[in-house]
>>> print(open('entry_20.cif').read())   # mmCIF, C-alpha atoms and all ligand atoms
data_coords
loop_
_atom_site.label_atom_id
_atom_site.label_comp_id
_atom_site.auth_asym_id
_atom_site.auth_seq_id
_atom_site.Cartn_x
_atom_site.Cartn_y
_atom_site.Cartn_z
CA MET A 66 -192.71 217.37 -221.88
CA GLY A 67 -193.80 213.81 -220.99
CA TRP A 68 -193.51 211.71 -217.89
CA LYS A 69 -190.85 209.21 -216.83
CA VAL A 70 -192.39 205.79 -216.11
CA ALA A 71 -190.97 202.46 -214.95
CA VAL A 72 -192.60 199.01 -215.04
CA VAL A 73 -191.24 196.67 -212.35
CA GLY A 74 -191.81 192.99 -213.19
CA ALA A 75 -191.85 193.73 -216.92
CA THR A 76 -191.34 190.11 -217.98
CA GLY A 77 -194.40 188.75 -216.13
CA GLN A 78 -197.89 188.41 -217.62
CA VAL A 79 -199.18 191.58 -215.95
CA GLY A 80 -195.98 193.55 -216.51
CA ARG A 81 -196.13 192.83 -220.23
CA GLU A 82 -199.78 193.90 -220.31
CA MET A 83 -198.87 197.12 -218.48
CA LEU A 84 -196.43 197.94 -221.29
CA ASN A 85 -198.98 196.97 -223.95
CA ILE A 86 -201.66 199.16 -222.39
CA LEU A 87 -199.34 202.15 -221.81
CA ALA A 88 -198.63 202.02 -225.55
CA GLU A 89 -202.22 201.30 -226.62
CA ARG A 90 -203.56 204.26 -224.63
CA GLN A 91 -200.64 206.47 -225.70
CA PHE A 92 -199.82 207.29 -222.10
CA PRO A 93 -197.86 210.62 -222.22
CA ALA A 94 -194.50 209.12 -221.28
CA ASP A 95 -191.18 210.52 -222.45
CA THR A 96 -189.40 207.40 -221.24
CA VAL A 97 -190.56 203.95 -220.12
CA ALA A 98 -188.10 201.65 -218.31
CA ALA A 99 -188.74 197.91 -218.23
CA LEU A 100 -187.28 196.49 -215.02
CA ALA A 101 -186.91 192.92 -213.79
CA SER A 102 -184.61 190.58 -211.88
CA PRO A 103 -180.98 190.09 -212.93
CA LYS A 104 -181.75 186.86 -214.80
CA SER A 105 -183.80 188.84 -217.36
CA ILE A 106 -181.32 191.67 -217.98
CA GLY A 107 -180.76 192.29 -221.67
CA THR A 108 -183.82 190.40 -222.86
CA GLU A 109 -186.40 192.49 -224.69
CA VAL A 110 -190.11 193.07 -224.16
CA SER A 111 -192.65 194.65 -226.49
CA TYR A 112 -193.70 198.25 -226.03
CA GLY A 113 -196.12 199.24 -228.78
CA GLU A 114 -194.36 199.11 -232.13
CA THR A 115 -190.94 198.91 -230.45
CA THR A 116 -189.16 196.87 -227.82
CA LEU A 117 -187.48 197.75 -224.52
CA LYS A 118 -184.37 196.13 -223.13
CA ILE A 119 -184.87 194.78 -219.63
CA GLN A 120 -182.89 196.71 -217.03
CA SER A 121 -181.94 195.64 -213.56
CA LEU A 122 -184.30 196.70 -210.79
CA GLU A 123 -181.41 196.47 -208.33
CA ASP A 124 -179.32 199.03 -210.25
CA TYR A 125 -182.01 201.36 -211.54
CA ASP A 126 -181.95 204.98 -210.27
CA PHE A 127 -185.57 206.00 -209.60
CA ARG A 128 -184.69 209.64 -208.92
CA GLY A 129 -186.50 211.64 -211.59
CA THR A 130 -188.91 208.81 -212.38
CA ASP A 131 -192.51 210.02 -211.92
CA ILE A 132 -194.46 206.75 -211.67
CA ALA A 133 -193.46 203.11 -211.15
CA LEU A 134 -196.01 200.37 -211.91
CA PHE A 135 -195.13 197.29 -209.85
CA SER A 136 -196.19 193.73 -210.63
CA ALA A 137 -193.36 191.56 -209.36
CA GLY A 138 -194.89 189.87 -206.35
CA GLY A 139 -195.40 190.90 -202.74
CA SER A 140 -191.83 190.34 -201.57
CA VAL A 141 -190.38 192.60 -204.28
CA SER A 142 -192.99 195.26 -203.52
CA ALA A 143 -192.33 195.02 -199.78
CA LYS A 144 -188.59 195.56 -200.32
CA TRP A 145 -188.58 198.06 -203.18
CA ALA A 146 -191.81 200.09 -203.13
CA PRO A 147 -190.88 202.11 -200.00
CA LYS A 148 -187.39 202.82 -201.41
CA VAL A 149 -188.80 203.89 -204.77
CA ALA A 150 -191.49 206.01 -203.09
CA ALA A 151 -188.85 207.66 -200.90
CA ALA A 152 -186.97 208.64 -204.06
CA GLY A 153 -190.02 210.73 -204.99
CA CYS A 154 -191.51 208.25 -207.50
CA VAL A 155 -195.20 207.37 -207.02
CA VAL A 156 -195.66 203.59 -206.81
CA VAL A 157 -198.78 201.86 -208.17
CA ASP A 158 -198.45 198.38 -206.70
CA ASN A 159 -200.35 195.39 -208.09
CA SER A 160 -199.29 193.06 -205.26
CA SER A 161 -201.45 192.50 -202.19
CA HIS A 162 -198.73 193.72 -199.83
CA PHE A 163 -199.99 197.28 -199.13
CA ARG A 164 -203.70 196.94 -200.07
CA MET A 165 -205.15 196.91 -196.57
CA GLU A 166 -202.78 199.47 -195.02
CA PRO A 167 -204.93 202.39 -193.80
CA ASP A 168 -202.63 205.06 -195.29
CA VAL A 169 -202.43 203.41 -198.71
CA PRO A 170 -205.35 204.11 -201.07
CA LEU A 171 -206.78 201.00 -202.76
CA ILE A 172 -208.16 202.26 -206.06
CA VAL A 173 -210.50 201.20 -208.86
CA PRO A 174 -210.92 204.41 -210.89
CA GLU A 175 -214.56 203.76 -211.88
CA VAL A 176 -215.42 203.30 -208.20
CA ASN A 177 -213.30 205.42 -205.85
CA ALA A 178 -210.98 207.72 -207.80
CA HIS A 179 -211.83 210.33 -205.15
CA ALA A 180 -209.77 208.33 -202.64
CA LEU A 181 -206.63 208.68 -204.76
CA GLY A 182 -205.81 212.06 -203.27
CA ASN A 183 -204.42 210.42 -200.11
CA PHE A 184 -201.47 208.82 -201.89
CA ARG A 185 -198.89 211.37 -200.72
CA LYS A 186 -198.73 209.86 -197.21
CA ARG A 187 -196.70 206.91 -198.49
CA ASN A 188 -196.38 207.77 -202.18
CA ILE A 189 -197.83 204.28 -202.71
CA ILE A 190 -201.18 203.37 -204.29
CA ALA A 191 -202.49 199.80 -204.24
CA ASN A 192 -204.15 198.01 -207.14
CA PRO A 193 -206.86 195.54 -206.05
CA ASN A 194 -206.96 191.80 -206.52
CA CYS A 195 -208.11 190.93 -210.05
CA SER A 196 -211.30 189.20 -208.87
CA THR A 197 -212.18 192.24 -206.73
CA ALA A 198 -211.61 194.83 -209.47
CA GLN A 199 -214.17 193.50 -211.93
CA LEU A 200 -216.69 192.86 -209.15
CA VAL A 201 -216.68 196.39 -207.70
CA VAL A 202 -216.95 197.96 -211.16
CA ALA A 203 -220.24 196.06 -211.56
CA LEU A 204 -221.45 196.61 -207.98
CA LYS A 205 -220.76 200.36 -207.78
CA PRO A 206 -223.62 201.69 -209.98
CA LEU A 207 -226.10 199.27 -208.41
CA HIS A 208 -224.94 200.25 -204.91
CA ASP A 209 -225.42 203.94 -205.71
CA PHE A 210 -229.00 203.24 -206.82
CA ALA A 211 -230.30 200.71 -204.28
CA LYS A 212 -227.60 200.38 -201.59
CA ILE A 213 -226.11 196.89 -201.36
CA ARG A 214 -226.50 195.04 -198.08
CA ARG A 215 -225.00 191.61 -198.92
CA VAL A 216 -223.12 189.90 -201.78
CA VAL A 217 -222.56 186.20 -202.40
CA VAL A 218 -220.03 185.55 -205.17
CA SER A 219 -218.58 182.40 -206.71
CA THR A 220 -215.59 182.93 -208.97
CA TYR A 221 -214.30 180.90 -211.93
CA GLN A 222 -210.72 182.17 -212.14
CA SER A 223 -208.39 181.55 -215.06
CA VAL A 224 -204.93 180.07 -214.65
CA SER A 225 -203.21 183.29 -215.76
CA GLY A 226 -204.10 184.60 -212.32
CA ALA A 227 -201.30 182.32 -211.18
CA GLY A 228 -198.88 183.77 -213.73
CA ASN A 229 -196.81 182.19 -216.48
CA LYS A 230 -196.38 178.97 -214.49
CA GLY A 231 -200.13 178.57 -214.11
CA MET A 232 -200.68 178.91 -217.85
CA ASP A 233 -197.82 176.53 -218.64
CA GLU A 234 -199.26 173.90 -216.27
CA LEU A 235 -202.69 173.96 -217.90
CA PHE A 236 -201.16 173.75 -221.37
CA ASN A 237 -198.72 170.94 -220.54
CA GLN A 238 -201.26 168.90 -218.56
CA THR A 239 -203.85 169.20 -221.32
CA ARG A 240 -201.36 168.22 -224.02
CA GLY A 241 -200.02 165.45 -221.78
CA LEU A 242 -203.43 163.83 -221.55
CA PHE A 243 -203.51 163.40 -225.32
CA VAL A 244 -199.99 162.01 -225.61
CA ASN A 245 -200.13 159.85 -222.49
CA ASP A 246 -197.53 162.00 -220.75
CA THR A 247 -198.86 162.65 -217.25
CA VAL A 248 -197.83 166.10 -216.02
CA GLU A 249 -197.94 166.17 -212.22
CA PRO A 250 -199.51 169.24 -210.52
CA LYS A 251 -196.87 171.73 -209.35
CA LYS A 252 -198.36 175.25 -209.48
CA PHE A 253 -201.82 174.02 -208.49
CA PRO A 254 -202.66 171.57 -205.66
CA LYS A 255 -204.43 169.17 -208.03
CA GLN A 256 -204.72 168.57 -211.79
CA ILE A 257 -206.24 171.65 -213.44
CA ALA A 258 -206.72 170.20 -216.93
CA PHE A 259 -210.39 169.15 -217.30
CA ASN A 260 -210.87 169.90 -213.61
CA VAL A 261 -211.79 172.76 -211.23
CA ILE A 262 -210.03 173.51 -207.93
CA PRO A 263 -211.89 175.28 -205.04
CA HIS A 264 -208.67 176.71 -203.62
CA ILE A 265 -206.82 179.93 -204.51
CA ASP A 266 -204.08 181.31 -202.25
CA VAL A 267 -203.72 179.87 -198.70
CA PHE A 268 -206.33 178.48 -196.30
CA MET A 269 -207.18 180.59 -193.24
CA ASP A 270 -208.29 179.35 -189.80
CA ASP A 271 -211.98 179.96 -190.56
CA GLY A 272 -211.92 177.65 -193.59
CA PHE A 273 -211.99 180.44 -196.17
CA THR A 274 -209.02 181.01 -198.46
CA LYS A 275 -207.05 184.25 -198.51
CA GLU A 276 -208.39 184.93 -202.01
CA GLU A 277 -211.94 184.80 -200.60
CA TRP A 278 -210.94 187.03 -197.69
CA LYS A 279 -209.37 189.53 -200.12
CA MET A 280 -212.61 189.85 -202.08
CA ALA A 281 -214.55 190.68 -198.92
CA ALA A 282 -211.97 192.98 -197.30
CA GLU A 283 -211.03 194.83 -200.49
CA THR A 284 -214.64 195.34 -201.57
CA ARG A 285 -215.38 196.89 -198.18
CA LYS A 286 -212.35 199.19 -198.42
CA ILE A 287 -213.04 200.27 -202.01
CA LEU A 288 -216.84 200.43 -202.11
CA ASP A 289 -218.49 200.48 -198.65
CA PRO A 290 -217.36 199.08 -195.27
CA ASP A 291 -220.97 198.09 -194.45
CA ILE A 292 -221.29 195.58 -197.30
CA ALA A 293 -221.33 191.94 -196.17
CA LEU A 294 -219.64 189.72 -198.76
CA THR A 295 -218.91 186.03 -198.84
CA ALA A 296 -216.96 184.38 -201.66
CA THR A 297 -216.01 180.97 -203.00
CA CYS A 298 -213.00 181.30 -205.31
CA VAL A 299 -212.41 178.49 -207.80
CA ARG A 300 -209.62 177.89 -210.33
CA VAL A 301 -210.86 176.71 -213.71
CA PRO A 302 -209.10 175.43 -216.87
CA VAL A 303 -209.31 178.73 -218.75
CA PHE A 304 -206.17 180.61 -219.79
CA VAL A 305 -207.34 184.24 -219.42
CA GLY A 306 -210.55 185.79 -218.11
CA HIS A 307 -212.16 185.58 -214.68
CA SER A 308 -215.88 184.89 -214.41
CA GLU A 309 -218.09 185.49 -211.37
CA ALA A 310 -221.62 184.41 -210.43
CA VAL A 311 -222.96 187.14 -208.15
CA ASN A 312 -226.02 187.32 -205.90
CA ILE A 313 -226.80 190.75 -204.46
CA GLU A 314 -229.19 191.75 -201.69
CA PHE A 315 -230.13 195.44 -201.54
CA GLU A 316 -231.55 197.76 -198.89
CA ASN A 317 -234.03 199.10 -201.50
CA PRO A 318 -235.99 197.48 -204.34
CA ILE A 319 -234.47 197.37 -207.84
CA THR A 320 -235.95 195.78 -210.95
CA VAL A 321 -234.04 193.86 -213.62
CA ASP A 322 -234.84 196.58 -216.18
CA GLN A 323 -233.56 199.28 -213.84
CA ALA A 324 -230.40 197.29 -213.15
CA ARG A 325 -229.76 196.60 -216.84
CA GLU A 326 -230.18 200.30 -217.71
CA ILE A 327 -227.98 201.44 -214.82
CA LEU A 328 -225.23 198.97 -215.78
CA ARG A 329 -225.46 199.96 -219.45
CA GLU A 330 -224.80 203.59 -218.54
CA ALA A 331 -222.03 202.92 -216.01
CA PRO A 332 -218.28 203.47 -216.77
CA GLY A 333 -216.13 200.45 -217.57
CA LEU A 334 -219.07 198.10 -218.14
CA MET A 335 -220.55 196.35 -221.17
CA VAL A 336 -223.91 194.60 -220.80
CA VAL A 337 -224.42 191.50 -222.94
CA ASP A 338 -227.72 190.18 -221.69
CA ARG A 339 -230.14 188.39 -223.99
CA ARG A 340 -232.15 185.41 -222.75
CA GLU A 341 -231.23 183.20 -225.69
CA ASP A 342 -228.43 180.87 -226.88
CA GLY A 343 -225.19 182.84 -226.74
CA GLY A 344 -226.87 185.91 -225.21
CA TYR A 345 -224.14 186.21 -222.53
CA ILE A 346 -220.40 186.71 -222.31
CA THR A 347 -217.85 183.95 -221.77
CA PRO A 348 -214.18 184.33 -220.73
CA LEU A 349 -212.90 183.50 -224.23
CA GLU A 350 -214.73 186.58 -225.55
CA CYS A 351 -213.39 189.05 -222.94
CA VAL A 352 -209.67 188.52 -223.59
CA GLY A 353 -207.88 191.71 -224.64
CA ASP A 354 -210.88 193.91 -223.89
CA TYR A 355 -210.86 196.77 -221.36
CA ALA A 356 -214.47 196.25 -220.32
CA THR A 357 -216.03 194.35 -217.47
CA PHE A 358 -218.94 192.46 -218.97
CA VAL A 359 -222.26 191.74 -217.25
CA SER A 360 -224.77 189.10 -218.36
CA ARG A 361 -227.59 186.89 -216.96
CA ILE A 362 -229.18 189.76 -215.02
CA ARG A 363 -232.23 188.41 -213.22
CA ARG A 364 -234.31 188.83 -210.07
CA ASP A 365 -233.23 186.65 -207.15
CA PRO A 366 -236.57 185.22 -205.96
CA THR A 367 -235.05 184.09 -202.66
CA VAL A 368 -234.80 187.74 -201.54
CA ALA A 369 -238.09 189.39 -200.52
CA ASP A 370 -239.59 192.67 -201.76
CA GLY A 371 -237.72 192.80 -205.07
CA LYS A 372 -234.47 193.56 -203.25
CA GLY A 373 -232.38 190.76 -204.79
CA LEU A 374 -230.56 190.31 -208.12
CA ALA A 375 -228.32 187.66 -209.65
CA LEU A 376 -225.84 188.30 -212.47
CA TRP A 377 -222.77 187.01 -214.30
CA CYS A 378 -219.62 189.14 -214.54
CA VAL A 379 -216.60 188.48 -216.78
CA SER A 380 -213.39 190.43 -217.39
CA ASP A 381 -209.82 189.98 -218.63
CA ASN A 382 -208.01 189.46 -215.31
CA LEU A 383 -204.68 190.63 -216.77
CA ARG A 384 -206.25 193.88 -217.99
CA LYS A 385 -209.05 195.36 -215.84
CA GLY A 386 -208.03 192.92 -213.12
CA ALA A 387 -204.48 194.28 -213.04
CA ALA A 388 -202.60 196.14 -215.79
CA LEU A 389 -205.41 198.35 -217.11
CA ASN A 390 -206.48 199.36 -213.61
CA ALA A 391 -202.88 200.36 -212.79
CA VAL A 392 -202.49 202.40 -215.99
CA GLN A 393 -205.85 204.11 -215.36
CA ILE A 394 -204.56 205.13 -211.94
CA ALA A 395 -201.40 206.52 -213.58
CA GLU A 396 -203.56 208.46 -216.05
CA ILE A 397 -205.46 210.09 -213.19
CA LEU A 398 -202.21 210.87 -211.38
CA VAL A 399 -200.75 212.79 -214.33
CA ALA A 400 -204.06 214.44 -215.16
CA ARG A 401 -204.95 215.61 -211.66
CA HIS A 402 -202.27 215.12 -209.08
CA LEU A 403 -198.71 215.35 -210.36
CA LYS A 404 -196.89 218.47 -211.47
CA GLN A 405 -194.08 218.20 -213.94
CA ALA A 406 -190.68 219.42 -212.88
CA ALA A 407 -190.05 222.86 -214.40
C1 LIG B 1 -205.35 184.60 -208.81
N1 LIG B 1 -206.38 186.62 -207.97
O1 LIG B 1 -206.23 184.59 -209.66
C2 LIG B 1 -205.23 185.76 -207.84
C3 LIG B 1 -203.94 186.51 -208.03
N2 LIG B 1 -203.84 187.09 -209.31
O2 LIG B 1 -204.49 183.70 -208.69
#
>>> encode(input="entry_20.cif", output="structure tokens")
Amino acid sequence: MGWKVAVVGATGQVGREMLNILAERQFPADTVAALASPKSIGTEVSYGETTLKIQSLEDYDFRGTDIALFSAGGSVSAKWAPKVAAAGCVVVDNSSHFRMEPDVPLIVPEVNAHALGNFRKRNIIANPNCSTAQLVVALKPLHDFAKIRRVVVSTYQSVSGAGNKGMDELFNQTRGLFVNDTVEPKKFPKQIAFNVIPHIDVFMDDGFTKEEWKMAAETRKILDPDIALTATCVRVPVFVGHSEAVNIEFENPITVDQAREILREAPGLMVVDRREDGGYITPLECVGDYATFVSRIRRDPTVADGKGLALWCVSDNLRKGAALNAVQIAEILVARHLKQAA
């Protein structure tokens, strides 16, 4: 007998990818419900070789549903996740709403699957921010080998991180420039076509953005609270695929060859690292892939005693950054933690 699964926010970019990945990985579901707001009721979304009719989140009865994957924004999660969890359905929430709550595990399976066991306190599990997920997958094996002290990361984040509206704005602005039809910025603070914007999420009092704070706080919760991390998060005119330039300072020495070998062997990673034209990954090449890619691995000469590395990390932000990570959590839940009703 299979599991009963619901996807909340099934018409959004991430929700659609959740359905795609549940089907691709042949998740052992007997039923999958695609839920969204009333305006989407009756429309259809793809699920493998078939389609699912959108049902109303407001009217759906979660009793008997085993797992609900949420990606409908923080306000929907805040209102509905506790209700759904109270009905006995485990919630895997992609919003930021519960991530830093002490009794909610924040999980990247390749990094801290051991922490998943605590989910019963709230019956809620948090998915990390997309830019955090790919980073900690790359940092984890290096941290285990040489213990990371400090990370400096600059991100180059695609517009799909801002959802359908972000992708539409890039497309329409770009097309507009060729047909002399100026498309004013709405989703982003400034023009994104042929531009980059050093601002994702809201500004905080210390001058960092909330996106930059998330990367630091979430990395410490998932990987190690002693890691010092500072980030600059930038929106770039790319549709899908987040890229990150990462500088890492370790407690212990680590060579480039050691790092490359460690990363090659680590789960969830693909190393594309040749010091030649095209010997590295770019966002266009990561789209649709499950892997987090690492390139440009090199010694950071500004850190003494061979304790510094620099590298380039790229991943599909809709997949490992969101939908894939959530489905991997669901796979672990059914494999190790949930018992099927007799
Ligand atoms: C972004 N990481 O890229 C944020 C939320 N997905 O906009």
>>> residues_around(input="entry_20.cif", residues="range 228-241 of chain A", least_positions_apart="3", cutoff="10 Å", atoms="all atoms listed in the file", output="list in words")
Thr76, Gly77, Gln78, Val79, Ser223, Val224, Ser225, Val244, Asn245, Asp246, Thr247, Val248, Glu249, Pro250, Lys251, Lys252, Phe253, Gln256, Ile257, Ala258, Phe259, Val301, Pro302, Val303, Phe304, Val305 and Leu383 of chain A
>>> atom_distance(input="entry_20.cif", atom1="CA of Gln222 in chain A", atom2="CA of Pro193 in chain A")
15.2 Å
>>> closest_residue(input="entry_20.cif", among="A:Arg300, A:Lys118, A:Arg339, A:His402", to="ligand LIG 1 (chain B)", atoms="all atoms listed in the file")
A:Arg300
>>> residues_near_ligand(input="entry_20.cif", ligand="ligand LIG 1 (chain B)", cutoff="6 Å", atoms="all atoms listed in the file", output="PyMOL selection string")
chain A and resi 194-196+222+226-227
>>> closest_atom_pairs(input="entry_20.cif", of="range 286-331 of chain A", to="range 341-363 of chain A", cutoff="10 Å", atoms="only C-alpha atoms", output="CSV")
residue,atom,partner,partner_atom,distance
A:Val303,CA,A:Pro348,CA,7.7
A:Phe304,CA,A:Leu349,CA,8.6
A:Val305,CA,A:Val352,CA,6.4
A:Gly306,CA,A:Pro348,CA,4.7
A:His307,CA,A:Pro348,CA,6.5
A:Ser308,CA,A:Pro348,CA,6.6
A:Glu309,CA,A:Val359,CA,9.5
A:Ala310,CA,A:Arg361,CA,9.2
A:Val311,CA,A:Ile362,CA,9.6
A:Asn312,CA,A:Arg363,CA,9.7
A:Thr320,CA,A:Arg363,CA,8.6
A:Val321,CA,A:Arg363,CA,5.8
A:Asp322,CA,A:Ile362,CA,8.9
A:Ala324,CA,A:Ile362,CA,7.9
A:Arg325,CA,A:Ile362,CA,7.1
A:Leu328,CA,A:Val359,CA,8.0
A:Arg329,CA,A:Val359,CA,9.1
>>> residues_around(input="entry_20.cif", residues="Gly153 in chain A", least_positions_apart="6", cutoff="9 Å", atoms="all atoms listed in the file", output="PyMOL selection string")
chain A and resi 127-132+188
>>> residues_around(input="entry_20.cif", residues="Phe163 in chain A", least_positions_apart="3", cutoff="7 Å", atoms="only C-alpha atoms", output="JSON, numbers by chain")
{"A": [166, 169, 191]}
>>> residues_around(input="entry_20.cif", residues="Ala400 in chain A", least_positions_apart="4", cutoff="12 Å", atoms="only C-alpha atoms", output="list in words")
Gly67, Trp68, Phe92, Pro93, Gln393, Ile394, Ala395, Glu396, Lys404 and Gln405 of chain A
>>> atom_distance(input="entry_20.cif", atom1="CA of Pro318 in chain A", atom2="CA of Leu204 in chain A")
15.0 Å
>>> closest_residue(input="entry_20.cif", among="A:Gly74, A:Pro170, A:Gly107, A:Gly182", to="Val141 in chain A", atoms="all atoms listed in the file")
A:Gly74
>>> closest_atom_pairs(input="entry_20.cif", of="range 90-171 of chain A", to="range 286-297 of chain A", cutoff="10 Å", atoms="all atoms listed in the file", output="CSV")
residue,atom,partner,partner_atom,distance
A:Arg164,CA,A:Lys286,CA,9.1
A:Met165,CA,A:Lys286,CA,7.8
A:Pro167,CA,A:Lys286,CA,9.3
A:Pro170,CA,A:Ile287,CA,8.6
A:Leu171,CA,A:Ile287,CA,6.3
>>> write_last_selection(input="entry_20.cif", atoms="C-alpha atoms", output="compact mmCIF listing (two decimals), keeping the file's coordinate frame")
# COMPACT_ATOMS: atom_id res chain seq x y z
CA ARG A 164 -203.70 196.94 -200.07
CA MET A 165 -205.15 196.91 -196.57
CA PRO A 167 -204.93 202.39 -193.80
CA PRO A 170 -205.35 204.11 -201.07
CA LEU A 171 -206.78 201.00 -202.76
